[in-house]
Amino acid sequence: MGELEEMVASMARSYKVLMLVENGPVPLDSRVWPEATTLRDQGFQVSIISPKGSPDCESSYSCIDGIHIYRYRVPTIGNTYIAYLVEYSVAHFMTFLLSLKVWLQHGFDVIHAANPPDLFFTIGLFYRPFGKKFVFDQHDLSPELLQVKFKRGATPLHRLLLFLEWCSYRTAHLVITTNLSLKQFALERGHCPPDKVIAVRNGSRLNYMRLVAPEPGLKRGRPYLLAYEGVMDVQDGVEYTLLALHELVHKRGRQDVSLVLMGNGSNLAAIKRLVHELQLDEYVTFTGWVSREDVARYLAAADVGLVPDPQNGLNEHCTLVKTMDYMAMGKPIVAFDLAETRYSAQDAALYATPNLVEDFASKIETLLDDEALRLRMGELGRKRIDETLSWEETKKQLLFAYEALLP
């Protein structure tokens, strides 16, 4: 254990952390769970409140590896303003009720809240008179996310989200962001003092993304396999993987490639319809949410990892976990040329002109036709993970953040 870890562990023995997340179930959330286990390993007692989700995350309470997890069910009634208003209202109310339960049964000194939504600052304010500290862990820009989902400009709801984001910045004792782009928003749009904001990058967990022997059967009888891993919401651009595959199969005559889509999301039904409309049913496999072991199996068999997130005013500022996972598994990447994606992948990816399907397909074809290039880019990606972007490296900033929060 290094000097920083020893210092934080010594400090942590008397502290308890309550983590709040609405955007996905725990322990499946690839950002929250590594943070939680890191804090636990340093001696903090950790509790989490999250929504229910996959079959593994349906119980109202579970204790996994010493971490207490309390879950609630949120309604899923569509992709409209009203649907999100209902979902976030229910989530906020249930999170507050469960926070009272955690307070009574386990106690906590710190509320560590992940966004979206940017509503949990109100819970932080409720507990502030009791000496509880509030950490705002910003994963996404909620105002920009709204604009992408609903293709709207500066509406009253957009202005409200800007206000809620500002409240989250201003009421937090500490702001954590996933990269330097989001940190700049906290400094400029949120007017946070620099010593209040710390960037903790997403990183690949090497103990989860273990190299395994490829299983040719996962390619569905074709020489090449493309892979996508992650959430499938409107902003994620999964439809670009299908449009590129349609370009390759039906316009360029390549019947030698399959695509596996691992994950779920609010746009999944639309994506499945598009597969049928593009006559790609025999080329595409949907797995839903799968275990990390199965993610590793599919990525080991894959030839190229896809990052189809388009340029939309939001994704330019996002650090994508799937990018790091592909690199950890030694896979070359095709992505649209966005600033944070390029920072993460560097020479491990070929970059297509943003939102241009034909160029995305051409970059895929370049990799499929050049095995030596695939191997070289995969090696560069794995090296970057080992040296810079593994969670074992990026978590050090989380420990610095908590040292600043609890001196």
# chains A, B, ... in the order shown; residues from 1 in each chain; ligands from 1
>>> select_by_dssp(residues="range 120-286 of chain A", states="helix (DSSP H, G or I)", output="MDAnalysis selection string")
chainID A and resid 121:130 142:150 156:171 180:188 194:196 216:219 234:236 239:251 268:277 281:283
>>> residues_around(residues="Val357 in chain A", least_positions_apart="2", cutoff="6 Å", atoms="only C-alpha atoms", output="list of chain:residue names")
A:Ala244, A:Asp359, A:Phe360
>>> residues_around(residues="range 140-142 of chain A", least_positions_apart="4", cutoff="7 Å", atoms="only C-alpha atoms", output="PyMOL selection string")
chain A and resi 115-117+146+161+314
>>> closest_residue(among="A:Thr177, A:Phe163, A:Met19, A:Thr285", to="His68 in chain A", atoms="only C-alpha atoms")
A:Met19
>>> atom_distance(atom1="CA of Pro194 in chain A", atom2="CA of Glu165 in chain A")
17.1 Å
>>> residues_around(residues="Leu211 in chain A", least_positions_apart="2", cutoff="8 Å", atoms="only C-alpha atoms", output="list in words")
Met209, Ala213, Ala296, Ala300 and Met329 of chain A
>>> residues_around(residues="Lys133 in chain A", least_positions_apart="6", cutoff="7 Å", atoms="only C-alpha atoms", output="PyMOL selection string")
chain A and resi 109-111+173
>>> write_last_selection(atoms="N, CA and C atoms", output="PDB file, in the first residue's frame")
ATOM      1  N   ASP A 109     -21.460   9.801   6.898  1.00  0.00           N
ATOM      2  CA  ASP A 109     -20.854  11.118   7.088  1.00  0.00           C
ATOM      3  C   ASP A 109     -20.797  11.902   5.788  1.00  0.00           C
ATOM      4  N   VAL A 110     -20.808  11.190   4.670  1.00  0.00           N
ATOM      5  CA  VAL A 110     -20.685  11.812   3.355  1.00  0.00           C
ATOM      6  C   VAL A 110     -21.785  11.271   2.452  1.00  0.00           C
ATOM      7  N   ILE A 111     -22.439  12.178   1.712  1.00  0.00           N
ATOM      8  CA  ILE A 111     -23.368  11.794   0.650  1.00  0.00           C
ATOM      9  C   ILE A 111     -22.654  12.029  -0.669  1.00  0.00           C
ATOM     10  N   HIS A 173     -19.646  20.240  -1.194  1.00  0.00           N
ATOM     11  CA  HIS A 173     -18.350  20.473  -0.557  1.00  0.00           C
ATOM     12  C   HIS A 173     -17.212  20.103  -1.507  1.00  0.00           C
TER      13      HIS A 173
END
>>> residues_around(residues="range 186-192 of chain A", least_positions_apart="6", cutoff="8 Å", atoms="only C-alpha atoms", output="PyMOL selection string")
chain A and resi 165-166+169-170+175
>>> atom_distance(atom1="CA of Gln138 in chain A", atom2="CA of Gly53 in chain A")
21.4 Å
>>> closest_residue(among="A:Ile198, A:Leu104, A:Leu28, A:Arg71", to="Asn264 in chain A", atoms="only C-alpha atoms")
A:Leu28
>>> closest_residue(among="A:Ile333, A:Ala352, A:Met324, A:Cys63", to="Leu306 in chain A", atoms="only C-alpha atoms")
A:Ile333
>>> closest_residue(among="A:Gln147, A:Ser47, A:Thr37, A:Thr319", to="Arg159 in chain A", atoms="only C-alpha atoms")
A:Gln147
>>> closest_residue(among="A:Ile64, A:Val260, A:Val304, A:Leu226", to="Leu375 in chain A", atoms="only C-alpha atoms")
A:Val304
>>> closest_residue(among="A:Leu145, A:Ala227, A:Leu278, A:Leu368", to="Lys322 in chain A", atoms="only C-alpha atoms")
A:Ala227
>>> residues_around(residues="Ser60 in chain A", least_positions_apart="4", cutoff="9 Å", atoms="only C-alpha atoms", output="MDAnalysis selection string")
chainID A and resid 52 69:73
>>> atom_distance(atom1="CA of Gly107 in chain A", atom2="CA of Ser62 in chain A")
16.7 Å
>>> select_by_dssp(residues="range 348-391 of chain A", states="strand (DSSP E or B)", output="PyMOL selection string")
chain A and resi 349-352+390
>>> write_last_selection(atoms="C-alpha atoms", output="PDB file, in the first residue's frame")
ATOM      1  CA  ALA A 349      -8.476   4.034 -32.765  1.00  0.00           C
ATOM      2  CA  LEU A 350      -9.248   5.101 -36.311  1.00  0.00           C
ATOM      3  CA  TYR A 351     -11.344   8.271 -36.281  1.00  0.00           C
ATOM      4  CA  ALA A 352     -14.190   8.882 -38.709  1.00  0.00           C
ATOM      5  CA  SER A 390      -6.613   1.581 -15.761  1.00  0.00           C
TER       6      SER A 390
END
